[in-house]
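For reference, query_15.cif is printed below; it contains mmCIF, C-alpha atoms, pLDDT in the B column; chains and numbers go by the auth columns.
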data_target
#
loop_
_atom_site.group_PDB
_atom_site.id
_atom_site.type_symbol
_atom_site.label_atom_id
_atom_site.label_comp_id
_atom_site.label_asym_id
_atom_site.label_seq_id
_atom_site.Cartn_x
_atom_site.Cartn_y
_atom_site.Cartn_z
_atom_site.B_iso_or_equiv
_atom_site.auth_seq_id
_atom_site.auth_asym_id
ATOM 1 C CA MET A 1 0.000 0.000 0.000 46.00 50 X
ATOM 2 C CA ASN A 2 1.487 3.303 -1.111 58.00 51 X
ATOM 3 C CA ILE A 3 0.763 6.200 1.218 63.00 52 X
ATOM 4 C CA ILE A 4 0.848 9.546 -0.567 70.00 53 X
ATOM 5 C CA PHE A 5 0.637 13.010 0.934 74.00 54 X
ATOM 6 C CA GLY A 6 -0.038 15.814 -1.538 73.00 55 X
ATOM 7 C CA SER A 7 1.605 18.623 0.401 85.00 56 X
ATOM 8 C CA GLU A 8 3.674 19.396 3.441 85.00 57 X
ATOM 9 C CA ASP A 9 0.585 20.935 5.070 87.00 58 X
ATOM 10 C CA GLU A 10 -1.155 17.550 4.779 89.00 59 X
ATOM 11 C CA ILE A 11 1.832 15.856 6.438 89.00 60 X
ATOM 12 C CA VAL A 12 1.882 18.394 9.275 90.00 61 X
ATOM 13 C CA ARG A 13 -1.883 17.983 9.783 89.00 62 X
ATOM 14 C CA ALA A 14 -1.504 14.192 9.905 88.00 63 X
ATOM 15 C CA ILE A 15 1.344 14.466 12.433 88.00 64 X
ATOM 16 C CA LYS A 16 -0.782 16.752 14.632 87.00 65 X
ATOM 17 C CA LEU A 17 -3.577 14.169 14.495 87.00 66 X
ATOM 18 C CA SER A 18 -1.076 11.346 15.258 83.00 67 X
ATOM 19 C CA GLU A 19 -2.194 9.377 12.206 85.00 68 X
ATOM 20 C CA ASN A 20 -0.296 6.090 11.916 84.00 69 X
ATOM 21 C CA SER A 21 -0.043 6.423 8.140 86.00 70 X
ATOM 22 C CA VAL A 22 2.086 9.565 8.399 87.00 71 X
ATOM 23 C CA PHE A 23 4.585 7.882 10.723 86.00 72 X
ATOM 24 C CA LYS A 24 4.918 4.990 8.284 88.00 73 X
ATOM 25 C CA TRP A 25 5.408 7.532 5.495 89.00 74 X
ATOM 26 C CA ILE A 26 8.080 9.377 7.512 89.00 75 X
ATOM 27 C CA TYR A 27 9.881 6.101 8.135 90.00 76 X
ATOM 28 C CA LYS A 28 9.836 5.176 4.449 90.00 77 X
ATOM 29 C CA LYS A 29 10.895 8.625 3.203 90.00 78 X
ATOM 30 C CA TYR A 30 13.293 9.848 5.929 92.00 79 X
ATOM 31 C CA PHE A 31 14.900 6.790 7.532 93.00 80 X
ATOM 32 C CA PRO A 32 17.418 6.212 4.694 94.00 81 X
ATOM 33 C CA MET A 33 18.646 9.810 5.079 93.00 82 X
ATOM 34 C CA ILE A 34 19.107 9.456 8.862 93.00 83 X
ATOM 35 C CA GLN A 35 20.627 5.996 8.502 93.00 84 X
ATOM 36 C CA LYS A 36 23.228 7.393 6.095 93.00 85 X
ATOM 37 C CA LEU A 37 24.004 10.295 8.454 91.00 86 X
ATOM 38 C CA ILE A 38 24.565 7.981 11.426 91.00 87 X
ATOM 39 C CA LEU A 39 26.482 5.251 9.569 91.00 88 X
ATOM 40 C CA GLN A 40 28.851 7.796 8.027 89.00 89 X
ATOM 41 C CA ASN A 41 29.491 9.331 11.439 85.00 90 X
ATOM 42 C CA SER A 42 30.724 6.447 13.585 85.00 91 X
ATOM 43 C CA GLY A 43 27.283 4.974 14.220 88.00 92 X
ATOM 44 C CA THR A 44 25.687 1.595 13.809 91.00 93 X
ATOM 45 C CA GLN A 45 22.394 0.445 12.325 91.00 94 X
ATOM 46 C CA GLU A 46 21.014 0.239 15.866 90.00 95 X
ATOM 47 C CA ASP A 47 22.135 3.828 16.547 90.00 96 X
ATOM 48 C CA ALA A 48 20.346 4.929 13.380 91.00 97 X
ATOM 49 C CA LYS A 49 17.108 3.269 14.522 91.00 98 X
ATOM 50 C CA ASP A 50 17.394 4.806 17.999 90.00 99 X
ATOM 51 C CA ILE A 51 18.137 8.309 16.728 91.00 100 X
ATOM 52 C CA PHE A 52 15.388 8.056 14.117 92.00 101 X
ATOM 53 C CA GLN A 53 12.843 7.012 16.753 90.00 102 X
ATOM 54 C CA ILE A 54 13.864 9.868 19.052 90.00 103 X
ATOM 55 C CA GLY A 55 13.643 12.195 16.051 90.00 104 X
ATOM 56 C CA VAL A 56 10.078 11.071 15.288 90.00 105 X
ATOM 57 C CA ILE A 57 9.043 11.648 18.899 89.00 106 X
ATOM 58 C CA LEU A 58 10.606 15.109 18.921 89.00 107 X
ATOM 59 C CA LEU A 59 9.143 15.988 15.519 90.00 108 X
ATOM 60 C CA HIS A 60 5.701 15.007 16.773 89.00 109 X
ATOM 61 C CA GLU A 61 6.145 17.196 19.858 87.00 110 X
ATOM 62 C CA LYS A 62 7.441 20.163 17.831 87.00 111 X
ATOM 63 C CA VAL A 63 4.617 19.962 15.305 88.00 112 X
ATOM 64 C CA LYS A 64 1.950 19.584 18.008 86.00 113 X
ATOM 65 C CA ASP A 65 3.216 22.597 19.976 84.00 114 X
ATOM 66 C CA ASN A 66 3.597 24.650 16.763 84.00 115 X
ATOM 67 C CA SER A 67 7.398 24.962 17.085 82.00 116 X
ATOM 68 C CA TYR A 68 7.740 23.945 13.442 83.00 117 X
ATOM 69 C CA ASN A 69 7.372 27.310 11.732 78.00 118 X
ATOM 70 C CA LYS A 70 7.857 26.213 8.103 80.00 119 X
ATOM 71 C CA GLN A 71 10.985 28.335 7.601 80.00 120 X
ATOM 72 C CA SER A 72 12.541 25.198 6.187 83.00 121 X
ATOM 73 C CA SER A 73 11.141 22.016 4.718 88.00 122 X
ATOM 74 C CA LEU A 74 9.848 19.375 7.097 89.00 123 X
ATOM 75 C CA LYS A 75 12.590 17.052 5.820 90.00 124 X
ATOM 76 C CA THR A 76 15.305 19.575 6.733 89.00 125 X
ATOM 77 C CA PHE A 77 13.675 20.242 10.084 90.00 126 X
ATOM 78 C CA PHE A 78 13.579 16.512 10.863 91.00 127 X
ATOM 79 C CA TYR A 79 17.175 16.077 9.698 92.00 128 X
ATOM 80 C CA SER A 80 18.322 18.870 12.018 90.00 129 X
ATOM 81 C CA ILE A 81 16.546 17.244 14.981 91.00 130 X
ATOM 82 C CA CYS A 82 18.226 13.884 14.324 92.00 131 X
ATOM 83 C CA ARG A 83 21.586 15.502 13.578 90.00 132 X
ATOM 84 C CA TYR A 84 21.486 17.347 16.903 88.00 133 X
ATOM 85 C CA GLN A 85 20.570 14.162 18.770 89.00 134 X
ATOM 86 C CA TRP A 86 23.490 12.326 17.150 89.00 135 X
ATOM 87 C CA LEU A 87 25.915 15.191 17.870 87.00 136 X
ATOM 88 C CA LYS A 88 24.764 15.105 21.482 85.00 137 X
ATOM 89 C CA LYS A 89 25.389 11.349 21.673 84.00 138 X
ATOM 90 C CA LEU A 90 28.833 11.719 20.093 82.00 139 X
ATOM 91 C CA LYS A 91 29.633 14.510 22.536 81.00 140 X
ATOM 92 C CA GLN A 92 28.589 12.277 25.442 75.00 141 X
ATOM 93 C CA ALA A 93 30.931 9.640 24.045 72.00 142 X
ATOM 94 C CA LYS A 94 33.628 12.329 23.929 65.00 143 X
ATOM 95 C CA SER A 95 34.090 11.721 20.235 48.00 144 X
ATOM 96 C CA THR A 96 36.426 14.086 18.447 47.00 145 X
ATOM 97 C CA GLU A 97 35.192 13.122 15.008 50.00 146 X
ATOM 98 C CA ARG A 98 33.547 15.777 12.893 54.00 147 X
ATOM 99 C CA ILE A 99 30.077 14.996 11.633 56.00 148 X
ATOM 100 C CA ILE A 100 29.610 14.542 7.899 59.00 149 X
ATOM 101 C CA ASP A 101 26.306 15.956 6.683 58.00 150 X
ATOM 102 C CA THR A 102 24.598 13.693 4.173 58.00 151 X
ATOM 103 C CA HIS A 103 21.535 15.796 3.483 57.00 152 X
ATOM 104 C CA LYS A 104 21.820 18.823 1.248 52.00 153 X
ATOM 105 C CA TYR A 105 19.840 21.785 2.486 48.00 154 X
ATOM 106 C CA ASP A 106 19.970 25.537 2.136 43.00 155 X
ATOM 107 C CA ASN A 107 19.556 26.412 5.780 45.00 156 X
ATOM 108 C CA LEU A 108 18.505 24.800 8.997 44.00 157 X
ATOM 109 C CA PRO A 109 15.266 25.881 10.603 44.00 158 X
ATOM 110 C CA GLN A 110 15.200 28.865 12.851 39.00 159 X
ATOM 111 C CA THR A 111 13.930 27.608 16.184 38.00 160 X
ATOM 112 C CA GLU A 112 14.047 28.649 19.785 39.00 161 X
ATOM 113 C CA ASP A 113 17.711 28.884 20.596 37.00 162 X
ATOM 114 C CA ASN A 114 19.497 27.640 23.635 39.00 163 X
ATOM 115 C CA ASP A 115 23.173 28.232 24.402 39.00 164 X
ATOM 116 C CA ASP A 116 24.242 25.928 21.559 40.00 165 X
ATOM 117 C CA GLY A 117 21.818 27.371 19.007 35.00 166 X
ATOM 118 C CA TYR A 118 19.989 24.043 18.776 37.00 167 X
ATOM 119 C CA LEU A 119 16.396 23.088 19.348 38.00 168 X
ATOM 120 C CA HIS A 120 15.063 23.664 22.835 38.00 169 X
ATOM 121 C CA LEU A 121 14.093 20.157 23.918 43.00 170 X
ATOM 122 C CA SER A 122 13.541 20.401 27.663 47.00 171 X
ATOM 123 C CA GLU A 123 9.804 19.569 27.540 53.00 172 X
ATOM 124 C CA THR A 124 10.363 16.459 25.447 56.00 173 X
ATOM 125 C CA GLN A 125 13.360 15.440 27.515 62.00 174 X
ATOM 126 C CA GLU A 126 11.249 15.825 30.636 64.00 175 X
ATOM 127 C CA LEU A 127 8.558 13.600 29.131 67.00 176 X
ATOM 128 C CA LEU A 128 11.148 10.997 28.128 72.00 177 X
ATOM 129 C CA GLN A 129 12.617 11.097 31.629 73.00 178 X
ATOM 130 C CA LYS A 130 9.190 10.540 33.218 75.00 179 X
ATOM 131 C CA LYS A 131 8.507 7.600 30.931 77.00 180 X
ATOM 132 C CA PHE A 132 12.021 6.245 31.558 79.00 181 X
ATOM 133 C CA LEU A 133 11.308 6.130 35.304 82.00 182 X
ATOM 134 C CA ILE A 134 8.307 3.873 34.635 84.00 183 X
ATOM 135 C CA LEU A 135 10.641 1.189 33.247 86.00 184 X
ATOM 136 C CA ASP A 136 11.794 -1.545 35.618 89.00 185 X
ATOM 137 C CA LYS A 137 15.119 -0.973 37.406 90.00 186 X
ATOM 138 C CA LYS A 138 17.007 -3.494 35.272 90.00 187 X
ATOM 139 C CA CYS A 139 15.976 -1.712 32.046 89.00 188 X
ATOM 140 C CA GLN A 140 16.877 1.652 33.530 88.00 189 X
ATOM 141 C CA LYS A 141 20.318 0.395 34.551 90.00 190 X
ATOM 142 C CA LEU A 142 20.969 -1.239 31.172 89.00 191 X
ATOM 143 C CA LEU A 143 19.977 1.855 29.191 86.00 192 X
ATOM 144 C CA LYS A 144 21.977 4.184 31.450 85.00 193 X
ATOM 145 C CA LEU A 145 25.075 2.018 31.111 87.00 194 X
ATOM 146 C CA PHE A 146 24.716 1.972 27.321 83.00 195 X
ATOM 147 C CA TYR A 147 23.594 5.538 26.528 77.00 196 X
ATOM 148 C CA TYR A 148 25.135 7.564 29.337 75.00 197 X
ATOM 149 C CA ASP A 149 28.226 5.577 30.284 77.00 198 X
ATOM 150 C CA ASN A 150 28.796 4.357 26.693 79.00 199 X
ATOM 151 C CA LEU A 151 29.852 0.911 27.892 83.00 200 X
ATOM 152 C CA SER A 152 30.166 -2.102 25.617 86.00 201 X
ATOM 153 C CA MET A 153 27.539 -4.830 25.667 88.00 202 X
ATOM 154 C CA THR A 154 30.071 -7.245 27.143 90.00 203 X
ATOM 155 C CA ILE A 155 30.655 -4.994 30.174 91.00 204 X
ATOM 156 C CA ILE A 156 26.937 -4.265 30.483 91.00 205 X
ATOM 157 C CA ALA A 157 26.179 -8.015 30.462 91.00 206 X
ATOM 158 C CA GLU A 158 28.574 -8.481 33.375 92.00 207 X
ATOM 159 C CA ARG A 159 27.232 -5.522 35.371 91.00 208 X
ATOM 160 C CA VAL A 160 23.533 -6.231 34.864 91.00 209 X
ATOM 161 C CA GLY A 161 23.791 -10.020 35.120 91.00 210 X
ATOM 162 C CA TYR A 162 23.177 -11.296 31.597 91.00 211 X
ATOM 163 C CA THR A 163 24.985 -14.393 30.372 91.00 212 X
ATOM 164 C CA ASN A 164 26.609 -12.665 27.388 92.00 213 X
ATOM 165 C CA ALA A 165 26.679 -9.543 25.203 88.00 214 X
ATOM 166 C CA ASP A 166 24.058 -10.900 22.786 88.00 215 X
ATOM 167 C CA ASN A 167 21.557 -11.381 25.622 90.00 216 X
ATOM 168 C CA ALA A 168 22.287 -7.865 26.869 89.00 217 X
ATOM 169 C CA LYS A 169 21.740 -6.501 23.352 88.00 218 X
ATOM 170 C CA THR A 170 18.416 -8.329 23.081 88.00 219 X
ATOM 171 C CA GLN A 171 17.348 -6.960 26.456 90.00 220 X
ATOM 172 C CA LYS A 172 18.414 -3.438 25.447 87.00 221 X
ATOM 173 C CA TYR A 173 16.207 -3.725 22.373 83.00 222 X
ATOM 174 C CA ARG A 174 13.281 -4.899 24.521 85.00 223 X
ATOM 175 C CA CYS A 175 13.813 -2.025 26.966 87.00 224 X
ATOM 176 C CA ILE A 176 13.830 0.475 24.117 82.00 225 X
ATOM 177 C CA GLN A 177 10.641 -1.094 22.785 78.00 226 X
ATOM 178 C CA LYS A 178 9.032 -0.704 26.223 82.00 227 X
ATOM 179 C CA LEU A 179 10.068 2.945 26.369 79.00 228 X
ATOM 180 C CA GLN A 180 8.822 3.560 22.850 75.00 229 X
ATOM 181 C CA GLY A 181 5.536 1.898 23.778 73.00 230 X
ATOM 182 C CA LEU A 182 5.160 4.410 26.584 73.00 231 X
ATOM 183 C CA MET A 183 5.694 7.242 24.097 66.00 232 X
ATOM 184 C CA THR A 184 2.479 6.531 22.166 52.00 233 X
ATOM 185 C CA PRO A 185 1.351 6.905 19.370 41.00 234 X
ATOM 186 C CA PHE A 186 4.673 5.654 18.100 38.00 235 X
ATOM 187 C CA THR A 187 4.420 1.984 19.033 36.00 236 X
ATOM 188 C CA LYS A 188 3.055 0.954 15.618 39.00 237 X
ATOM 189 C CA LEU A 189 5.983 2.681 13.887 40.00 238 X
ATOM 190 C CA ASN A 190 8.338 0.135 15.443 38.00 239 X
ATOM 191 C CA LYS A 191 6.940 -2.527 13.114 39.00 240 X
ATOM 192 C CA GLY A 192 8.878 -0.801 10.331 41.00 241 X
ATOM 193 C CA TYR A 193 12.177 -1.954 11.878 37.00 242 X
#

As structure tokens - that is how I would like this structure written.
Amino acid sequence: MNIIFGSEDEIVRAIKLSENSVFKWIYKKYFPMIQKLILQNSGTQEDAKDIFQIGVILLHEKVKDNSYNKQSSLKTFFYSICRYQWLKKLKQAKSTERIIDTHKYDNLPQTEDNDDGYLHLSETQELLQKKFLILDKKCQKLLKLFYYDNLSMTIIAERVGYTNADNAKTQKYRCIQKLQGLMTPFTKLNKGY
């Protein structure tokens, strides 16, 4: 089934209404761009999926609260959200690598600025934090060790009590799925992965 949106206004309206079809469309149209960005900048396929999912959540929030002001295309706006999230993750990992932009655009959207000139995300981060605290303690520990401490799956398996790195990776995926499920209406988007 091909989902077609005639204009950007239709896409924005569908996002505001949390229509599942628009999230499937976003995945189909924008995931390859984000995947390329992440893979060319020290990331993995899993990183690309994580950053994309966070980007969809943040895009939904920004569209619903009218922070998307159409000064740039929706595609460029979404790219800038994901790019910022990846830069933030690289910074947390103390990476010195420069990011290679894979999406050609004239200018990034003008949004509310913070000290770094990036999107102001405190409301969404607060929501994510609240939902994160609903997860069981083992999931919280696993995700903190991976995303905040940037530890390998082998070390995480030892610290959390899994038999090996593959089991820890599977559990990490399940924990992310639980968190994504809490951030409805995005649970059906996960079927695209």

Decode the PyMOL selection byres ((chain X and resi 213-221) around 8) for the given file into explicit residues and return them as number ranges by chain. X: 188, 191-192, 202-207, 211-212, 222-225

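Rounded to one decimal, atom CA of Gly230 of chain X and atom CA of Ile106 of chain X lie 11.5 Å from each other.
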
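Among X:Lys137, X:Lys85, X:Lys77, X:Lys65, the residue with the shortest atom-to-atom distance to His109 of chain X, counting all atoms listed in the file, is X:Lys65.
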
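Candidate residues X:Tyr128, X:Tyr117, X:Phe181, X:Tyr196 were compared for distance to Ala142 of chain X, and the nearest is X:Tyr196, using only C-alpha atoms.
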
Please return, as a PyMOL selection string, all polymer residues that have at least one atom within 10 Å of the point (19.5, 10.4, 8.9); use all atoms listed in the file and the file's own coordinate frame. chain X and resi 79-89+97-98+100-101+104+127-132+135+150-152

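Taken over the whole file, the PyMOL selection byres ((chain X and resi 61-64) around 10) covers exactly Phe54, Ser56, Glu57, Asp58, Glu59, Ile60, Lys65, Leu66, Ser67, Glu68, Asn69, Ser70, Val71, Phe72, Ile75, Val105, Leu108, His109, Glu110, Lys111, Val112, Lys113, Asn115, Tyr117, Lys119 and Leu123 of chain X.
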
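Here atom CA of Asp114 of chain X stands at a distance of 14.6 Å from atom CA of Phe126 of chain X.
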
As a ChimeraX atom specification, please: the residues near Leu231 of chain X (cut-off 10 Å, only C-alpha atoms, same-chain neighbours under 5 positions excluded). /X:177,179-181,183-184,225-226,236

Can you write just those residues out, C-alpha atoms, as a compact mmCIF listing (two decimals), keeping the file's coordinate frame?
# COMPACT_ATOMS: atom_id res chain seq x y z
CA LEU X 177 11.15 11.00 28.13
CA LYS X 179 9.19 10.54 33.22
CA LYS X 180 8.51 7.60 30.93
CA PHE X 181 12.02 6.24 31.56
CA ILE X 183 8.31 3.87 34.64
CA LEU X 184 10.64 1.19 33.25
CA ILE X 225 13.83 0.48 24.12
CA GLN X 226 10.64 -1.09 22.78
CA THR X 236 4.42 1.98 19.03

Report, in Å to a single decimal, how far apart atom CA of Gln102 of chain X and atom CA of Leu139 of chain X are. 17.0 Å

With all atoms listed in the file as the atoms that count, which of X:Lys138, X:Asp99, X:Tyr197, X:Gly210 lies nearest to Leu228 of chain X? X:Asp99

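Ranking X:Tyr76, X:Ser121, X:Phe195, X:Leu136 by their shortest atom-to-atom distance to Asn90 of chain X, with all atoms listed in the file included, puts X:Leu136 first.
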
Could you give me the centre and size, in Å to one decimal, of an axis-aligned box around all listed atoms of segment 211-228 of chain X with 6 Å added on every side, as AutoDock Vina command-line options?
--center_x 17.9 --center_y -5.7 --center_z 27.0 --size_x 29.6 --size_y 29.3 --size_z 21.2
